[in-house]
Each structure stands twice: as structure tokens, then as C-alpha cells.
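S.K.: One file is attached below, upload.txt, containing compact mmCIF, N, CA and C atoms and all ligand atoms.
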```txt
# COMPACT_ATOMS: atom_id res chain seq x y z
N MET G 17 11.41 1.40 16.79
CA MET G 17 11.82 1.98 15.52
C MET G 17 10.59 2.36 14.69
N LYS G 18 10.70 3.45 13.98
CA LYS G 18 9.59 3.90 13.13
C LYS G 18 9.32 2.89 12.04
N LYS G 19 8.06 2.64 11.79
CA LYS G 19 7.68 1.74 10.70
C LYS G 19 7.76 2.50 9.38
N LYS G 20 8.26 1.79 8.36
CA LYS G 20 8.35 2.38 7.03
C LYS G 20 7.14 1.99 6.19
N VAL G 21 6.45 3.00 5.69
CA VAL G 21 5.27 2.74 4.87
C VAL G 21 5.50 3.34 3.48
N LEU G 22 5.40 2.49 2.47
CA LEU G 22 5.55 2.94 1.09
C LEU G 22 4.19 3.28 0.49
N LEU G 23 4.04 4.52 0.04
CA LEU G 23 2.80 4.97 -0.60
C LEU G 23 2.98 4.93 -2.11
N VAL G 24 2.15 4.17 -2.80
CA VAL G 24 2.22 4.10 -4.26
C VAL G 24 0.93 4.70 -4.81
N GLU G 25 1.05 5.84 -5.44
CA GLU G 25 -0.13 6.58 -5.91
C GLU G 25 0.31 7.53 -7.01
N ASP G 26 -0.41 7.53 -8.15
CA ASP G 26 -0.01 8.38 -9.27
C ASP G 26 -0.79 9.69 -9.35
N ASN G 27 -1.74 9.86 -8.46
CA ASN G 27 -2.50 11.11 -8.44
C ASN G 27 -1.99 11.99 -7.30
N HIS G 28 -1.57 13.19 -7.66
CA HIS G 28 -0.91 14.07 -6.71
C HIS G 28 -1.79 14.37 -5.48
N GLN G 29 -3.07 14.66 -5.75
CA GLN G 29 -3.95 14.99 -4.62
C GLN G 29 -4.19 13.81 -3.70
N ASN G 30 -4.34 12.64 -4.29
CA ASN G 30 -4.53 11.45 -3.47
C ASN G 30 -3.28 11.15 -2.65
N MET G 31 -2.11 11.36 -3.27
CA MET G 31 -0.86 11.15 -2.55
C MET G 31 -0.79 12.09 -1.35
N ARG G 32 -1.16 13.34 -1.56
CA ARG G 32 -1.16 14.31 -0.45
C ARG G 32 -2.08 13.87 0.67
N LEU G 33 -3.24 13.36 0.29
CA LEU G 33 -4.20 12.91 1.29
C LEU G 33 -3.62 11.75 2.10
N LEU G 34 -2.98 10.81 1.42
CA LEU G 34 -2.37 9.68 2.12
C LEU G 34 -1.29 10.17 3.09
N GLU G 35 -0.45 11.07 2.59
CA GLU G 35 0.63 11.61 3.41
C GLU G 35 0.10 12.32 4.64
N MET G 36 -0.89 13.18 4.41
CA MET G 36 -1.42 13.97 5.52
C MET G 36 -2.13 13.08 6.54
N THR G 37 -2.75 12.04 6.05
CA THR G 37 -3.47 11.14 6.94
C THR G 37 -2.51 10.35 7.82
N LEU G 38 -1.42 9.88 7.22
CA LEU G 38 -0.53 8.97 7.96
C LEU G 38 0.59 9.69 8.70
N ARG G 39 0.80 10.95 8.35
CA ARG G 39 1.84 11.73 9.00
C ARG G 39 1.64 11.77 10.52
N ALA G 40 0.38 11.85 10.92
CA ALA G 40 0.04 11.96 12.34
C ALA G 40 0.49 10.74 13.13
N ASP G 41 0.70 9.63 12.46
CA ASP G 41 0.99 8.39 13.18
C ASP G 41 2.48 8.03 13.22
N ASN G 42 3.31 8.99 12.85
CA ASN G 42 4.75 8.82 13.06
C ASN G 42 5.38 7.65 12.31
N TYR G 43 4.98 7.46 11.07
CA TYR G 43 5.65 6.48 10.22
C TYR G 43 6.69 7.21 9.38
N THR G 44 7.66 6.46 8.90
CA THR G 44 8.53 6.99 7.85
C THR G 44 7.84 6.72 6.53
N LEU G 45 7.51 7.77 5.80
CA LEU G 45 6.75 7.61 4.56
C LEU G 45 7.67 7.66 3.35
N LEU G 46 7.57 6.62 2.53
CA LEU G 46 8.30 6.57 1.26
C LEU G 46 7.25 6.71 0.16
N LYS G 47 7.64 7.26 -0.98
CA LYS G 47 6.64 7.52 -2.01
C LYS G 47 7.09 7.05 -3.38
N ALA G 48 6.14 6.51 -4.14
CA ALA G 48 6.39 6.15 -5.53
C ALA G 48 5.16 6.53 -6.33
N THR G 49 5.36 7.05 -7.55
CA THR G 49 4.24 7.45 -8.38
C THR G 49 4.01 6.50 -9.56
N ASP G 50 4.81 5.45 -9.66
CA ASP G 50 4.53 4.42 -10.66
C ASP G 50 5.04 3.06 -10.16
N GLY G 51 4.64 2.03 -10.88
CA GLY G 51 4.94 0.67 -10.45
C GLY G 51 6.42 0.33 -10.44
N GLU G 52 7.14 0.82 -11.45
CA GLU G 52 8.57 0.53 -11.53
C GLU G 52 9.30 1.10 -10.32
N LYS G 53 8.97 2.33 -10.00
CA LYS G 53 9.60 3.00 -8.86
C LYS G 53 9.21 2.29 -7.55
N ALA G 54 7.96 1.85 -7.49
CA ALA G 54 7.49 1.14 -6.30
C ALA G 54 8.31 -0.13 -6.07
N MET G 55 8.57 -0.87 -7.14
CA MET G 55 9.36 -2.10 -7.03
C MET G 55 10.77 -1.80 -6.56
N GLU G 56 11.33 -0.76 -7.15
CA GLU G 56 12.69 -0.36 -6.82
C GLU G 56 12.81 -0.02 -5.32
N ILE G 57 11.88 0.78 -4.83
CA ILE G 57 11.92 1.19 -3.42
C ILE G 57 11.65 0.00 -2.50
N ALA G 58 10.72 -0.86 -2.92
CA ALA G 58 10.40 -2.04 -2.09
C ALA G 58 11.65 -2.91 -1.90
N VAL G 59 12.39 -3.10 -2.98
CA VAL G 59 13.60 -3.94 -2.93
C VAL G 59 14.68 -3.26 -2.08
N LYS G 60 14.86 -1.97 -2.30
CA LYS G 60 15.95 -1.24 -1.65
C LYS G 60 15.66 -0.97 -0.17
N ASP G 61 14.46 -0.54 0.15
CA ASP G 61 14.16 -0.05 1.50
C ASP G 61 13.37 -1.02 2.37
N LYS G 62 12.88 -2.11 1.79
CA LYS G 62 12.11 -3.10 2.55
C LYS G 62 11.10 -2.46 3.51
N PRO G 63 10.10 -1.79 2.96
CA PRO G 63 9.10 -1.17 3.83
C PRO G 63 8.34 -2.21 4.66
N ASP G 64 7.77 -1.77 5.77
CA ASP G 64 6.98 -2.66 6.63
C ASP G 64 5.58 -2.86 6.07
N LEU G 65 5.18 -1.95 5.20
CA LEU G 65 3.83 -1.99 4.64
C LEU G 65 3.81 -1.18 3.34
N ILE G 66 3.00 -1.62 2.39
CA ILE G 66 2.82 -0.86 1.15
C ILE G 66 1.33 -0.54 0.98
N ILE G 67 1.05 0.74 0.70
CA ILE G 67 -0.31 1.14 0.34
C ILE G 67 -0.29 1.35 -1.17
N MET G 68 -1.05 0.53 -1.87
CA MET G 68 -0.91 0.40 -3.32
C MET G 68 -2.15 0.83 -4.07
N ASP G 69 -2.05 1.95 -4.77
CA ASP G 69 -3.11 2.32 -5.71
C ASP G 69 -3.13 1.25 -6.80
N ILE G 70 -4.32 0.75 -7.09
CA ILE G 70 -4.43 -0.31 -8.10
C ILE G 70 -4.32 0.26 -9.50
N GLN G 71 -4.90 1.43 -9.71
CA GLN G 71 -4.88 2.03 -11.04
C GLN G 71 -3.71 2.98 -11.20
N LEU G 72 -2.66 2.47 -11.79
CA LEU G 72 -1.46 3.27 -12.04
C LEU G 72 -1.24 3.32 -13.54
N HIS G 73 -0.56 4.35 -14.01
CA HIS G 73 -0.16 4.36 -15.42
C HIS G 73 0.91 3.31 -15.60
N GLY G 74 0.84 2.59 -16.69
CA GLY G 74 1.83 1.53 -16.92
C GLY G 74 1.46 0.30 -16.10
N MET G 75 2.44 -0.21 -15.38
CA MET G 75 2.22 -1.42 -14.58
C MET G 75 1.16 -1.15 -13.50
N SER G 76 0.15 -1.99 -13.43
CA SER G 76 -0.91 -1.76 -12.45
C SER G 76 -0.45 -2.16 -11.05
N GLY G 77 -1.18 -1.69 -10.07
CA GLY G 77 -0.86 -2.04 -8.69
C GLY G 77 -0.96 -3.53 -8.43
N LEU G 78 -1.88 -4.18 -9.14
CA LEU G 78 -2.02 -5.63 -8.97
C LEU G 78 -0.80 -6.35 -9.53
N GLU G 79 -0.33 -5.85 -10.67
CA GLU G 79 0.86 -6.45 -11.29
C GLU G 79 2.08 -6.27 -10.39
N VAL G 80 2.22 -5.08 -9.82
CA VAL G 80 3.35 -4.83 -8.92
C VAL G 80 3.28 -5.80 -7.74
N THR G 81 2.08 -5.95 -7.19
CA THR G 81 1.91 -6.84 -6.03
C THR G 81 2.27 -8.28 -6.41
N GLU G 82 1.78 -8.72 -7.56
CA GLU G 82 2.08 -10.09 -8.01
C GLU G 82 3.59 -10.29 -8.14
N ARG G 83 4.25 -9.31 -8.69
CA ARG G 83 5.71 -9.43 -8.87
C ARG G 83 6.44 -9.47 -7.54
N LEU G 84 6.01 -8.61 -6.63
CA LEU G 84 6.65 -8.59 -5.31
C LEU G 84 6.47 -9.92 -4.59
N ARG G 85 5.31 -10.52 -4.78
CA ARG G 85 5.02 -11.80 -4.12
C ARG G 85 5.95 -12.91 -4.59
N GLN G 86 6.52 -12.72 -5.78
CA GLN G 86 7.43 -13.73 -6.32
C GLN G 86 8.88 -13.49 -5.94
N MET G 87 9.14 -12.37 -5.26
CA MET G 87 10.52 -12.06 -4.87
C MET G 87 10.71 -12.39 -3.41
N PRO G 88 11.63 -13.31 -3.10
CA PRO G 88 11.80 -13.74 -1.72
C PRO G 88 11.98 -12.57 -0.73
N ALA G 89 12.71 -11.54 -1.15
CA ALA G 89 12.99 -10.43 -0.24
C ALA G 89 11.75 -9.58 0.04
N CYS G 90 10.77 -9.65 -0.82
CA CYS G 90 9.61 -8.76 -0.70
C CYS G 90 8.29 -9.50 -0.54
N SER G 91 8.34 -10.82 -0.59
CA SER G 91 7.09 -11.59 -0.66
C SER G 91 6.23 -11.45 0.58
N HIS G 92 6.84 -11.06 1.71
CA HIS G 92 6.06 -11.00 2.95
C HIS G 92 5.64 -9.58 3.35
N ILE G 93 5.96 -8.60 2.51
CA ILE G 93 5.56 -7.23 2.85
C ILE G 93 4.05 -7.10 2.66
N PRO G 94 3.32 -6.72 3.71
CA PRO G 94 1.88 -6.57 3.54
C PRO G 94 1.53 -5.45 2.56
N VAL G 95 0.50 -5.68 1.78
CA VAL G 95 0.04 -4.69 0.81
C VAL G 95 -1.43 -4.39 1.04
N ILE G 96 -1.75 -3.10 1.20
CA ILE G 96 -3.14 -2.66 1.26
C ILE G 96 -3.47 -2.07 -0.10
N ALA G 97 -4.44 -2.66 -0.79
CA ALA G 97 -4.84 -2.17 -2.11
C ALA G 97 -5.81 -1.01 -1.97
N VAL G 98 -5.63 -0.01 -2.83
CA VAL G 98 -6.55 1.12 -2.87
C VAL G 98 -7.12 1.20 -4.28
N THR G 99 -8.44 1.20 -4.40
CA THR G 99 -9.03 1.26 -5.72
C THR G 99 -10.01 2.41 -5.84
N ALA G 100 -10.13 2.95 -7.04
CA ALA G 100 -10.90 4.17 -7.27
C ALA G 100 -12.39 3.95 -7.11
N TYR G 101 -12.86 2.85 -7.57
CA TYR G 101 -14.28 2.60 -7.43
C TYR G 101 -14.48 1.16 -7.00
N ALA G 102 -15.50 0.96 -6.20
CA ALA G 102 -15.74 -0.37 -5.66
C ALA G 102 -16.42 -1.23 -6.73
N MET G 103 -15.63 -1.59 -7.72
CA MET G 103 -16.17 -2.44 -8.77
C MET G 103 -16.33 -3.85 -8.24
N ARG G 104 -17.40 -4.48 -8.69
CA ARG G 104 -17.62 -5.85 -8.25
C ARG G 104 -16.44 -6.70 -8.71
N GLY G 105 -15.91 -7.46 -7.80
CA GLY G 105 -14.81 -8.34 -8.18
C GLY G 105 -13.43 -7.74 -7.92
N ASP G 106 -13.37 -6.43 -7.67
CA ASP G 106 -12.07 -5.79 -7.43
C ASP G 106 -11.40 -6.32 -6.18
N LYS G 107 -12.19 -6.50 -5.14
CA LYS G 107 -11.63 -6.99 -3.89
C LYS G 107 -11.02 -8.38 -4.11
N GLU G 108 -11.77 -9.21 -4.81
CA GLU G 108 -11.29 -10.57 -5.07
C GLU G 108 -10.01 -10.54 -5.89
N LYS G 109 -9.99 -9.65 -6.90
CA LYS G 109 -8.78 -9.55 -7.74
C LYS G 109 -7.58 -9.12 -6.91
N ALA G 110 -7.81 -8.17 -6.00
CA ALA G 110 -6.71 -7.68 -5.17
C ALA G 110 -6.18 -8.78 -4.25
N ILE G 111 -7.09 -9.52 -3.67
CA ILE G 111 -6.67 -10.60 -2.77
C ILE G 111 -5.95 -11.70 -3.56
N GLU G 112 -6.49 -12.00 -4.73
CA GLU G 112 -5.85 -13.00 -5.61
C GLU G 112 -4.42 -12.61 -5.98
N ALA G 113 -4.22 -11.31 -6.21
CA ALA G 113 -2.90 -10.82 -6.59
C ALA G 113 -1.93 -10.85 -5.42
N GLY G 114 -2.45 -11.06 -4.21
CA GLY G 114 -1.57 -11.15 -3.05
C GLY G 114 -1.69 -10.00 -2.07
N CYS G 115 -2.67 -9.11 -2.31
CA CYS G 115 -2.87 -8.01 -1.36
C CYS G 115 -3.48 -8.58 -0.07
N ASN G 116 -3.14 -7.94 1.05
CA ASN G 116 -3.60 -8.43 2.35
C ASN G 116 -4.90 -7.79 2.80
N ALA G 117 -5.14 -6.58 2.30
CA ALA G 117 -6.34 -5.85 2.71
C ALA G 117 -6.70 -4.90 1.58
N TYR G 118 -7.81 -4.23 1.75
CA TYR G 118 -8.41 -3.51 0.64
C TYR G 118 -9.16 -2.30 1.18
N ILE G 119 -9.01 -1.15 0.51
CA ILE G 119 -9.78 0.03 0.88
C ILE G 119 -10.20 0.76 -0.40
N SER G 120 -11.42 1.32 -0.40
CA SER G 120 -11.93 1.98 -1.60
C SER G 120 -11.80 3.49 -1.50
N LYS G 121 -11.60 4.12 -2.66
CA LYS G 121 -11.67 5.57 -2.76
C LYS G 121 -13.14 5.95 -2.92
N PRO G 122 -13.61 7.10 -2.45
CA PRO G 122 -12.82 8.07 -1.70
C PRO G 122 -12.41 7.52 -0.33
N ILE G 123 -11.18 7.79 0.04
CA ILE G 123 -10.63 7.20 1.24
C ILE G 123 -11.21 7.82 2.51
N ASP G 124 -11.67 6.95 3.36
CA ASP G 124 -12.10 7.34 4.70
C ASP G 124 -10.82 7.35 5.55
N THR G 125 -10.40 8.54 5.96
CA THR G 125 -9.08 8.65 6.58
C THR G 125 -8.99 7.89 7.91
N ARG G 126 -10.08 7.86 8.64
CA ARG G 126 -10.07 7.10 9.91
C ARG G 126 -9.94 5.61 9.64
N GLU G 127 -10.65 5.17 8.61
CA GLU G 127 -10.58 3.76 8.26
C GLU G 127 -9.16 3.40 7.82
N LEU G 128 -8.55 4.28 7.04
CA LEU G 128 -7.19 4.02 6.56
C LEU G 128 -6.21 3.92 7.72
N ARG G 129 -6.27 4.89 8.64
CA ARG G 129 -5.34 4.86 9.78
C ARG G 129 -5.50 3.59 10.59
N GLY G 130 -6.77 3.21 10.80
CA GLY G 130 -7.06 2.00 11.56
C GLY G 130 -6.54 0.76 10.86
N LEU G 131 -6.75 0.71 9.55
CA LEU G 131 -6.34 -0.46 8.78
C LEU G 131 -4.81 -0.60 8.76
N VAL G 132 -4.13 0.51 8.57
CA VAL G 132 -2.66 0.50 8.55
C VAL G 132 -2.13 -0.01 9.90
N ALA G 133 -2.67 0.53 10.98
CA ALA G 133 -2.22 0.10 12.32
C ALA G 133 -2.48 -1.38 12.53
N GLU G 134 -3.63 -1.82 12.09
CA GLU G 134 -4.03 -3.22 12.27
C GLU G 134 -3.13 -4.17 11.48
N VAL G 135 -2.85 -3.81 10.22
CA VAL G 135 -2.01 -4.69 9.39
C VAL G 135 -0.58 -4.74 9.93
N LEU G 136 -0.07 -3.61 10.39
CA LEU G 136 1.28 -3.59 10.95
C LEU G 136 1.35 -4.43 12.23
N LEU G 137 0.33 -4.34 13.04
CA LEU G 137 0.29 -5.09 14.30
C LEU G 137 0.21 -6.59 14.02
N ARG G 138 -0.63 -6.93 13.06
CA ARG G 138 -0.80 -8.34 12.68
C ARG G 138 0.54 -8.90 12.20
N ARG G 139 1.25 -8.10 11.43
CA ARG G 139 2.53 -8.55 10.88
C ARG G 139 3.55 -8.76 12.00
N GLN G 140 3.53 -7.84 12.97
CA GLN G 140 4.45 -7.93 14.10
C GLN G 140 4.21 -9.23 14.87
N LYS G 141 2.93 -9.54 15.04
CA LYS G 141 2.59 -10.76 15.78
C LYS G 141 3.04 -12.00 15.02
N ASP G 142 2.88 -11.97 13.71
CA ASP G 142 3.28 -13.11 12.88
C ASP G 142 4.79 -13.34 12.97
N ASN G 143 5.52 -12.26 13.20
CA ASN G 143 6.99 -12.37 13.22
C ASN G 143 7.55 -12.76 14.57
N THR G 144 6.71 -12.79 15.58
CA THR G 144 7.24 -13.10 16.92
C THR G 144 7.01 -14.57 17.26
MN MN G 201 -4.23 5.99 -9.89
```
Please go through the file and, once you have read it, give me the structure as C-alpha cells.
Ligand code: MN

M.R.:
Amino acid sequence: MKKKVLLVEDNHQNMRLLEMTLRADNYTLLKATDGEKAMEIAVKDKPDLIIMDIQLHGMSGLEVTERLRQMPACSHIPVIAVTAYAMRGDKEKAIEAGCNAYISKPIDTRELRGLVAEVLLRRQKDNT
């Protein structure tokens, strides 16, 4: 079955880049442009993985991740954090909030594809 990947990104161009990068790998891509919508889709569609822009208007990506971690239905969905600049401490903050992995903008598309595949595989192994 196709894996469902939820893309959370409020910048149109970055969203396009994520879509174009992951389209090649045959995932079902779901999209949200703000934190509220991301939570709604996560609850409704139970994606296999979430790629989470940290800097969103309104609720931040870290806040969304923290909230999801407290919901039994969503607490185990892996989250890859995406941040605009590699600020010192950002990685730690993302991991503290419950993110499983971390990637910096500008996004290296090969790195992203590899990371997504790796996190999905790791999750599959954990479930068997
Ligand atoms: Mn953003």
C-alpha cells in the first residue's frame, strides 16, 4: 500500500519543491499550509509520516508536533522537522518537541528523499 506523507508548509514555493521531490517515490501526498489544518488531517487521515515546517504562521510546527505527541491516535506518527535556518539549538528544540528527524532549508532534495525512506522503513520495523 502507498505510504501517506503529510506535507506541512506555508510557503508555496517550498511546498512545490517538497511535492516535486517526493512525487517520484510514489507516496500519497497530503498537504496543509497551517498548523490547525495539519492537526485536522493528521487526526483524520493518519499519515505514515509528517514533514513539518517549523516556522508557520500561527501555531508553530513545534507546537503542532507537541500536541500530536499528546494524542494517542497520533503520538506515534514520525515527524521530520524542516527549519529555515540552521540556528543553534533548533535541532535540540525539534527533538525535544517530539520530532524524529531534522532537515535544514535550503532543502537538499536527495537528502530529503533518503531521510523520508529511512524514517518510513524504521517505523515499519518498529511495528513488526
Ligand atoms: Mn514557513

S.K.: Excluding Val95 (chain G) and any residue of its chain fewer than 5 positions from it, enumerate the residues within 6 Å of it, using only C-alpha atoms, and give them as a PyMOL selection string.

M.R.: chain G and resi 66-67+115-116

S.K.: Store the residues picked out above in a file with N, CA and C atoms, as a PDB file, in the frame of the given file.

M.R.:
```pdb
ATOM      1  N   ILE G  66       3.000  -1.620   2.390  1.00  0.00           N
ATOM      2  CA  ILE G  66       2.820  -0.860   1.150  1.00  0.00           C
ATOM      3  C   ILE G  66       1.330  -0.540   0.980  1.00  0.00           C
ATOM      4  N   ILE G  67       1.050   0.740   0.700  1.00  0.00           N
ATOM      5  CA  ILE G  67      -0.310   1.140   0.340  1.00  0.00           C
ATOM      6  C   ILE G  67      -0.290   1.350  -1.170  1.00  0.00           C
ATOM      7  N   CYS G 115      -2.670  -9.110  -2.310  1.00  0.00           N
ATOM      8  CA  CYS G 115      -2.870  -8.010  -1.360  1.00  0.00           C
ATOM      9  C   CYS G 115      -3.480  -8.580  -0.070  1.00  0.00           C
ATOM     10  N   ASN G 116      -3.140  -7.940   1.050  1.00  0.00           N
ATOM     11  CA  ASN G 116      -3.600  -8.430   2.350  1.00  0.00           C
ATOM     12  C   ASN G 116      -4.900  -7.790   2.800  1.00  0.00           C
TER      13      ASN G 116
END
```

S.K.: Could you give me, as a tab-separated table, every chain G residue with an atom at most 6 Å from ligand MN 201 (chain G), plus its closest atom pair and distance in Å to one decimal, counting only C-alpha atoms and all ligand atoms, rows ordered by chain then number?

M.R.:
```
residue	atom	partner	partner_atom	distance
G:Glu25	CA	G:MN201	MN	5.7
G:Asp26	CA	G:MN201	MN	4.9
G:Asn27	CA	G:MN201	MN	5.6
G:Asp69	CA	G:MN201	MN	5.7
G:Gln71	CA	G:MN201	MN	4.2
G:Leu72	CA	G:MN201	MN	4.4
```

S.K.: Fewer than 3 positions away in the same chain doesn't count, so skip those; otherwise give me all residues within 6 Å of Lys18 (chain G), counting only N, CA and C atoms, as a VMD selection string.

M.R.: chain G and resid 42 to 44

S.K.: When distances are computed from all atoms listed in the file, which of G:Asp124, G:Tyr118, G:Arg39, G:Gln140 shows the smallest separation from Asp106 (chain G)?

M.R.: G:Tyr118

S.K.: Output as a tab-separated table one row per residue of region 37-102 of chain G within 10 Å of region 128-139 of chain G: the closest atom pair and its distance in Å to one decimal place, counting only C-alpha atoms, sorted by chain and residue number ascending.

M.R.:
```
residue	atom	partner	partner_atom	distance
G:Thr37	CA	G:Arg129	CA	7.1
G:Leu38	CA	G:Arg129	CA	6.6
G:Arg39	CA	G:Arg129	CA	10.0
G:Ala40	CA	G:Arg129	CA	9.3
G:Asp41	CA	G:Arg129	CA	8.0
G:Asp64	CA	G:Leu136	CA	7.2
G:Leu65	CA	G:Leu136	CA	7.0
G:Ile66	CA	G:Val132	CA	9.3
G:Ile67	CA	G:Val132	CA	8.6
G:His92	CA	G:Arg139	CA	9.0
G:Ile93	CA	G:Arg139	CA	8.7
G:Pro94	CA	G:Val135	CA	7.3
G:Val95	CA	G:Val135	CA	8.8
G:Ile96	CA	G:Val132	CA	8.0
G:Val98	CA	G:Leu128	CA	9.9
```

S.K.: Would you save the residues of that selection, restricted to N, CA and C atoms, as a PDB file, keeping the file's coordinate frame?

M.R.:
```pdb
ATOM      1  N   THR G  37      -2.750  12.040   6.050  1.00  0.00           N
ATOM      2  CA  THR G  37      -3.470  11.140   6.940  1.00  0.00           C
ATOM      3  C   THR G  37      -2.510  10.350   7.820  1.00  0.00           C
ATOM      4  N   LEU G  38      -1.420   9.880   7.220  1.00  0.00           N
ATOM      5  CA  LEU G  38      -0.530   8.970   7.960  1.00  0.00           C
ATOM      6  C   LEU G  38       0.590   9.690   8.700  1.00  0.00           C
ATOM      7  N   ARG G  39       0.800  10.950   8.350  1.00  0.00           N
ATOM      8  CA  ARG G  39       1.840  11.730   9.000  1.00  0.00           C
ATOM      9  C   ARG G  39       1.640  11.770  10.520  1.00  0.00           C
ATOM     10  N   ALA G  40       0.380  11.850  10.920  1.00  0.00           N
ATOM     11  CA  ALA G  40       0.040  11.960  12.340  1.00  0.00           C
ATOM     12  C   ALA G  40       0.490  10.740  13.130  1.00  0.00           C
ATOM     13  N   ASP G  41       0.700   9.630  12.460  1.00  0.00           N
ATOM     14  CA  ASP G  41       0.990   8.390  13.180  1.00  0.00           C
ATOM     15  C   ASP G  41       2.480   8.030  13.220  1.00  0.00           C
ATOM     16  N   ASP G  64       7.770  -1.770   5.770  1.00  0.00           N
ATOM     17  CA  ASP G  64       6.980  -2.660   6.630  1.00  0.00           C
ATOM     18  C   ASP G  64       5.580  -2.860   6.070  1.00  0.00           C
ATOM     19  N   LEU G  65       5.180  -1.950   5.200  1.00  0.00           N
ATOM     20  CA  LEU G  65       3.830  -1.990   4.640  1.00  0.00           C
ATOM     21  C   LEU G  65       3.810  -1.180   3.340  1.00  0.00           C
ATOM     22  N   ILE G  66       3.000  -1.620   2.390  1.00  0.00           N
ATOM     23  CA  ILE G  66       2.820  -0.860   1.150  1.00  0.00           C
ATOM     24  C   ILE G  66       1.330  -0.540   0.980  1.00  0.00           C
ATOM     25  N   ILE G  67       1.050   0.740   0.700  1.00  0.00           N
ATOM     26  CA  ILE G  67      -0.310   1.140   0.340  1.00  0.00           C
ATOM     27  C   ILE G  67      -0.290   1.350  -1.170  1.00  0.00           C
ATOM     28  N   HIS G  92       6.840 -11.060   1.710  1.00  0.00           N
ATOM     29  CA  HIS G  92       6.060 -11.000   2.950  1.00  0.00           C
ATOM     30  C   HIS G  92       5.640  -9.580   3.350  1.00  0.00           C
ATOM     31  N   ILE G  93       5.960  -8.600   2.510  1.00  0.00           N
ATOM     32  CA  ILE G  93       5.560  -7.230   2.850  1.00  0.00           C
ATOM     33  C   ILE G  93       4.050  -7.100   2.660  1.00  0.00           C
ATOM     34  N   PRO G  94       3.320  -6.720   3.710  1.00  0.00           N
ATOM     35  CA  PRO G  94       1.880  -6.570   3.540  1.00  0.00           C
ATOM     36  C   PRO G  94       1.530  -5.450   2.560  1.00  0.00           C
ATOM     37  N   VAL G  95       0.500  -5.680   1.780  1.00  0.00           N
ATOM     38  CA  VAL G  95       0.040  -4.690   0.810  1.00  0.00           C
ATOM     39  C   VAL G  95      -1.430  -4.390   1.040  1.00  0.00           C
ATOM     40  N   ILE G  96      -1.750  -3.100   1.200  1.00  0.00           N
ATOM     41  CA  ILE G  96      -3.140  -2.660   1.260  1.00  0.00           C
ATOM     42  C   ILE G  96      -3.470  -2.070  -0.100  1.00  0.00           C
ATOM     43  N   VAL G  98      -5.630  -0.010  -2.830  1.00  0.00           N
ATOM     44  CA  VAL G  98      -6.550   1.120  -2.870  1.00  0.00           C
ATOM     45  C   VAL G  98      -7.120   1.200  -4.280  1.00  0.00           C
TER      46      VAL G  98
END
```

S.K.: When distances are computed from only C-alpha atoms, which of G:Gly114, G:Gly74, G:Pro122, G:Pro63 shows the smallest separation from Ala97 (chain G)?

M.R.: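 For Ala97 (chain G), the nearest of the given residues is G:Gly114.
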
S.K.: Just how far from CA of Leu78 (chain G) is CA of Thr125 (chain G), in Å to one decimal?

M.R.: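 So the two atoms, CA of Thr125 (chain G) and CA of Leu78 (chain G), lie 22.3 Å apart.
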
S.K.: Pull the strand (DSSP E) assignments for region 22-141 of chain G out of DSSP run on the backbone, and list those residues as an NGL selection string.

M.R.: :G and (22-24 or 44-48 or 65-69 or 95-99 or 117-120)

S.K.: For Leu45 (chain G), list every protein, DNA or RNA residue within 8 Å, evaluated using only C-alpha atoms, and leave out those in the same chain fewer than 2 positions away; present the list as an NGL selection string.

M.R.: :G and (20-23 or 35 or 39 or 43 or 47)

S.K.: With distances taken over only N, CA and C atoms, which of G:Lys121, G:Lys107, G:Val24, G:Thr81 is nearest to Ala48 (chain G)?

M.R.: G:Val24

S.K.: Which is closer to Lys60 (chain G) than all the others in G:Val80, G:Ala117, G:Ile111, G:Cys90, using only C-alpha atoms?

M.R.: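 Among G:Val80, G:Ala117, G:Ile111, G:Cys90, it is G:Cys90 that comes nearest to Lys60 (chain G).
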
S.K.: Quick one, how far is atom N of His28 (chain G) from atom C of Arg104 (chain G)?

M.R.: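 Atom C of Arg104 (chain G) lies at a distance of 24.9 Å from atom N of His28 (chain G).
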
S.K.: DSSP on the backbone, helix (DSSP H, G or I) only: what residues of chain G does that give? Format it as a ChimeraX atom specification.

M.R.: /G:28-39,51-61,77-85,106-113,125-143

S.K.: Considering only C-alpha atoms, can you say which of G:Asp50, G:Glu127, G:Asp61, G:Glu56 comes closest to Ser76 (chain G)?

M.R.: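 Among G:Asp50, G:Glu127, G:Asp61, G:Glu56, it is G:Asp50 that comes nearest to Ser76 (chain G).
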
S.K.: If I take CA of Ala113 (chain G) and CA of Ala89 (chain G), how far is one from the other in Å, to one decimal?

M.R.: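 Value for the CA of Ala113 (chain G)-CA of Ala89 (chain G) distance: 17.1 Å.
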
S.K.: Would you place a box with edges along x, y and z of the file around all atoms of region 75-93 of chain G listed there, add 5 Å to each of its six sides, and report the centre and edge lengths in Å to one decimal, as JSON?

M.R.:
```
{"center_x": 5.5, "center_y": -7.0, "center_z": -6.0, "size_x": 25.0, "size_y": 23.5, "size_z": 28.7}
```

S.K.: Name the closest residue to Glu82 (chain G) among the candidates G:Leu46, G:Leu34, G:Met17, G:Met55; distances are taken between atoms, counting only C-alpha atoms.

M.R.: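 That would be G:Met55, the residue with the smallest distance to Glu82 (chain G).
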